[in-house]
Amino acid sequence: MKSATLRFYEELNDFLPPAKRKVPFQYRFYGSPSVKDVIESCGAPHTEVDLIIVNGNSVGFDYRIKEGDYISVYPEFESIDITPVQKLRPSPLRNPRFILDVHLGRLARYLRICGFDSLYRNDFSDEEIIDISVNEKRCILTRDVGILKNNKVVRGYWIRNQSPVKQLREVVGRFDLAGAVQPFSLCIECNVKLNKTEKEKVENLLPPKVKKINTEFYRCPNCKKVYWKGTHYKKMIELIRTIQHEGR
């Protein structure tokens with residue numbers, strides 16, 4: 001049996017047992033497995049890996065590990081362009097578009113409120129999510145690590161938190177999105193761009209108090225839902241500003 005040394009960095013340690021977190025550890029193997037298979041056998045999905053250094057050199061997922069290799073595994077760098085050294089993807093994620101699994105419906109709504117294109121249906125199968133992700137170049141957000149280990153998946157991220165607000169903070173921080181927030185530009189139901197509309201055109205759809213106080217309205221061209229800057233809007237703006245401040 002052969003042996004190599006592995007070291008995982010930063011949030012990739014979330015996938016490891018406590019004894020192997022943030023320290024080098026021995027990995028024993030037969031033959032010459034690919035470094036991708038080795039990483040995923042340790043628990044980390046390949047979609048969360050952006051850089052692999054073996055004996056001081058950057059390698060791709062197809063690299064076959066050898067006796068005595070020292071392997072350093074790093075997470076995705078969304079706020080730093082490492083294109084000159086990474087061998088795993090053509091470029092970091094610069095135009096965020098997501099697709100979310102069945103467990104993340106409220107997060108999808110929060111992301112849409114922030115203006116981020118986020119597909120979600122509670123009846124999407126894993127295969128549908130993967131195919132849409134590949135065909136539309138969307139990043140998968142999921143609470144299921146298993147889906148991220150599918151060989152067809154190029155981009156994906158495992159959501160650590162369970163609270164939707166914390167999940168939003170996590171995604172904005174993870175993908176360096178604080179400066180890209182466009183509050184209330186998308187319909188939270190349909191994920192399509194809202195159109196500004198005149199009050200007269202939607203007046204019959206408004207509650208009396210809203211009709212009296214508000215002057216600015218937006219409407220979804222798909223579901224026809226009307227939006228205005230009410231109490232909910234103000235609370236979400238405060239949350240978004242807090243998240244943006246945390247991301248500076």
# chains A, B, ... in the order shown; residues from 1 in each chain; ligands from 1
>>> residues_around(residues="A:His103", least_positions_apart="6", cutoff="9 Å", atoms="only C-alpha atoms", output="PyMOL selection string")
chain A and resi 122+142-144
>>> residues_around(residues="stretch 213-215 of chain A", least_positions_apart="3", cutoff="9 Å", atoms="only C-alpha atoms", output="VMD selection string")
chain A and resid 198 to 199 208 to 210 228 to 230
>>> select_by_dssp(residues="stretch 17-83 of chain A", states="strand (DSSP E or B)", output="list in words")
Phe25, Gln26, Tyr27, Arg28, Phe29, Ser34, Val49, Asp50, Leu51, Ile52, Ile53, Val54, Asn57, Ser58, Arg64, Tyr70, Ile71, Ser72, Val73, Tyr74 and Pro75 of chain A
>>> closest_residue(among="A:Arg219, A:Lys152, A:Arg160, A:Lys20", to="A:Lys193", atoms="only C-alpha atoms")
A:Arg219
>>> atom_distance(atom1="atom CA of A:Asn95", atom2="atom CA of A:Ala178")
13.1 Å
>>> residues_around(residues="A:Ile129", least_positions_apart="3", cutoff="9 Å", atoms="only C-alpha atoms", output="compact mmCIF listing (two decimals) with N, CA and C atoms, in the first residue's frame")
# COMPACT_ATOMS: atom_id res chain seq x y z
N ILE A 99 -29.00 27.91 -9.11
CA ILE A 99 -30.15 27.01 -9.06
C ILE A 99 -30.08 26.32 -7.71
N LEU A 100 -31.22 26.27 -7.00
CA LEU A 100 -31.24 25.80 -5.61
C LEU A 100 -32.06 24.53 -5.48
N ASP A 101 -31.68 23.69 -4.51
CA ASP A 101 -32.39 22.44 -4.31
C ASP A 101 -33.64 22.64 -3.46
N PHE A 124 -37.99 19.97 -8.46
CA PHE A 124 -36.80 19.67 -9.26
C PHE A 124 -36.17 18.36 -8.78
N SER A 125 -35.85 17.45 -9.69
CA SER A 125 -35.06 16.26 -9.33
C SER A 125 -33.59 16.63 -9.36
N ASP A 126 -32.75 15.80 -8.76
CA ASP A 126 -31.31 16.07 -8.77
C ASP A 126 -30.79 16.16 -10.20
N ILE A 132 -29.72 21.56 -15.74
CA ILE A 132 -29.93 23.00 -15.88
C ILE A 132 -28.66 23.76 -15.51
N SER A 133 -28.01 23.30 -14.45
CA SER A 133 -26.76 23.95 -14.03
C SER A 133 -25.72 23.93 -15.14
N VAL A 134 -25.58 22.78 -15.79
CA VAL A 134 -24.58 22.63 -16.86
C VAL A 134 -24.98 23.43 -18.09
N ILE A 140 -24.89 25.49 -8.50
CA ILE A 140 -25.84 24.78 -7.66
C ILE A 140 -25.61 25.16 -6.20
>>> atom_distance(atom1="atom CA of A:Val35", atom2="atom CA of A:Pro18")
21.5 Å
>>> residues_around(residues="A:Pro24", least_positions_apart="6", cutoff="8 Å", atoms="only C-alpha atoms", output="list in words")
Thr5, Leu6, Arg7 and Phe8 of chain A
>>> write_last_selection(atoms="N, CA and C atoms", output="JSON list (two decimals), in the first residue's frame")
[["chain", "number", "residue", "atom", "x", "y", "z"],
["A", 5, "THR", "N", 0.44, 12.56, 1.46],
["A", 5, "THR", "CA", 0.02, 13.48, 2.52],
["A", 5, "THR", "C", -0.95, 14.50, 1.94],
["A", 6, "LEU", "N", -2.08, 14.68, 2.62],
["A", 6, "LEU", "CA", -3.08, 15.66, 2.19],
["A", 6, "LEU", "C", -3.25, 16.75, 3.24],
["A", 7, "ARG", "N", -3.56, 17.96, 2.76],
["A", 7, "ARG", "CA", -3.87, 19.07, 3.65],
["A", 7, "ARG", "C", -4.98, 19.90, 3.00],
["A", 8, "PHE", "N", -6.12, 20.00, 3.68],
["A", 8, "PHE", "CA", -7.25, 20.79, 3.19],
["A", 8, "PHE", "C", -7.26, 22.15, 3.89]]
>>> closest_residue(among="A:Lys211, A:Phe61, A:Glu200, A:Gln182", to="A:Phe116", atoms="only C-alpha atoms")
A:Gln182
>>> residues_around(residues="A:Trp158", least_positions_apart="2", cutoff="10 Å", atoms="only C-alpha atoms", output="VMD selection string")
chain A and resid 14 to 15 44 to 45 47 to 48 140 to 148 156 160 to 161 171
>>> select_by_dssp(residues="stretch 34-223 of chain A", states="helix (DSSP H, G or I)", output="ChimeraX atom specification")
/A:35-41,46-48,102-113,126-136,145-148,164-174,178-180,199-205,208-213
>>> write_last_selection(atoms="C-alpha atoms", output="tab-separated table (two decimals), in the first residue's frame")
chain	number	residue	atom	x	y	z
A	35	VAL	CA	-6.65	13.38	-7.20
A	36	LYS	CA	-10.36	14.16	-7.75
A	37	ASP	CA	-11.35	10.69	-6.51
A	38	VAL	CA	-9.02	11.03	-3.54
A	39	ILE	CA	-10.45	14.43	-2.55
A	40	GLU	CA	-14.04	13.21	-2.79
A	41	SER	CA	-13.27	10.01	-0.90
A	46	HIS	CA	-14.92	18.64	-6.33
A	47	THR	CA	-17.17	21.68	-6.96
A	48	GLU	CA	-15.82	23.39	-3.84
A	102	VAL	CA	-35.68	21.61	-2.59
A	103	HIS	CA	-34.36	22.55	0.88
A	104	LEU	CA	-33.59	26.17	0.00
A	105	GLY	CA	-36.86	27.81	-1.03
A	106	ARG	CA	-36.62	30.73	1.39
A	107	LEU	CA	-32.99	31.36	0.44
A	108	ALA	CA	-34.07	31.51	-3.21
A	109	ARG	CA	-36.58	34.25	-2.33
A	110	TYR	CA	-33.95	36.21	-0.39
A	111	LEU	CA	-31.49	35.96	-3.27
A	112	ARG	CA	-34.14	37.21	-5.69
A	113	ILE	CA	-34.93	40.12	-3.36
A	126	ASP	CA	-31.31	16.07	-8.77
A	127	GLU	CA	-30.79	15.25	-12.46
A	128	GLU	CA	-32.86	18.27	-13.55
A	129	ILE	CA	-30.84	20.53	-11.26
A	130	ILE	CA	-27.57	19.17	-12.63
A	131	ASP	CA	-28.66	19.42	-16.29
A	132	ILE	CA	-29.93	23.00	-15.88
A	133	SER	CA	-26.76	23.95	-14.03
A	134	VAL	CA	-24.58	22.63	-16.86
A	135	ASN	CA	-26.70	23.95	-19.74
A	136	GLU	CA	-27.27	27.42	-18.28
A	145	VAL	CA	-23.25	17.12	-0.55
A	146	GLY	CA	-23.96	14.06	-2.71
A	147	ILE	CA	-25.29	16.04	-5.68
A	148	LEU	CA	-22.04	18.02	-5.84
A	164	PRO	CA	-32.36	31.46	5.66
A	165	VAL	CA	-30.94	34.82	6.79
A	166	LYS	CA	-27.63	33.20	7.75
A	167	GLN	CA	-27.69	31.31	4.44
A	168	LEU	CA	-28.04	34.61	2.58
A	169	ARG	CA	-25.11	36.06	4.52
A	170	GLU	CA	-23.13	32.90	3.74
A	171	VAL	CA	-23.77	33.06	-0.03
A	172	VAL	CA	-23.09	36.80	-0.30
A	173	GLY	CA	-19.83	36.38	1.61
A	174	ARG	CA	-18.77	33.18	-0.14
A	178	ALA	CA	-21.90	42.52	-1.58
A	179	GLY	CA	-21.18	45.02	-4.36
A	180	ALA	CA	-23.51	43.34	-6.87
A	199	LYS	CA	-50.04	53.88	-10.19
A	200	GLU	CA	-53.15	54.32	-12.34
A	201	LYS	CA	-52.55	50.98	-14.05
A	202	VAL	CA	-52.50	48.98	-10.80
A	203	GLU	CA	-54.67	51.15	-8.53
A	204	ASN	CA	-57.50	48.62	-8.40
A	205	LEU	CA	-55.07	45.99	-7.04
A	208	PRO	CA	-56.35	51.41	0.55
A	209	LYS	CA	-53.43	52.40	2.81
A	210	VAL	CA	-50.85	51.56	0.13
A	211	LYS	CA	-52.84	53.49	-2.46
A	212	LYS	CA	-52.81	56.56	-0.22
A	213	ILE	CA	-49.13	56.50	0.87
>>> atom_distance(atom1="atom CA of A:Arg21", atom2="atom CA of A:Ile71")
14.3 Å
>>> closest_residue(among="A:Cys42, A:Ser34, A:Asp117, A:Glu10", to="A:Tyr74", atoms="only C-alpha atoms")
A:Glu10
>>> closest_residue(among="A:Tyr157, A:Tyr9, A:Phe217, A:Phe184", to="A:Leu51", atoms="only C-alpha atoms")
A:Tyr9
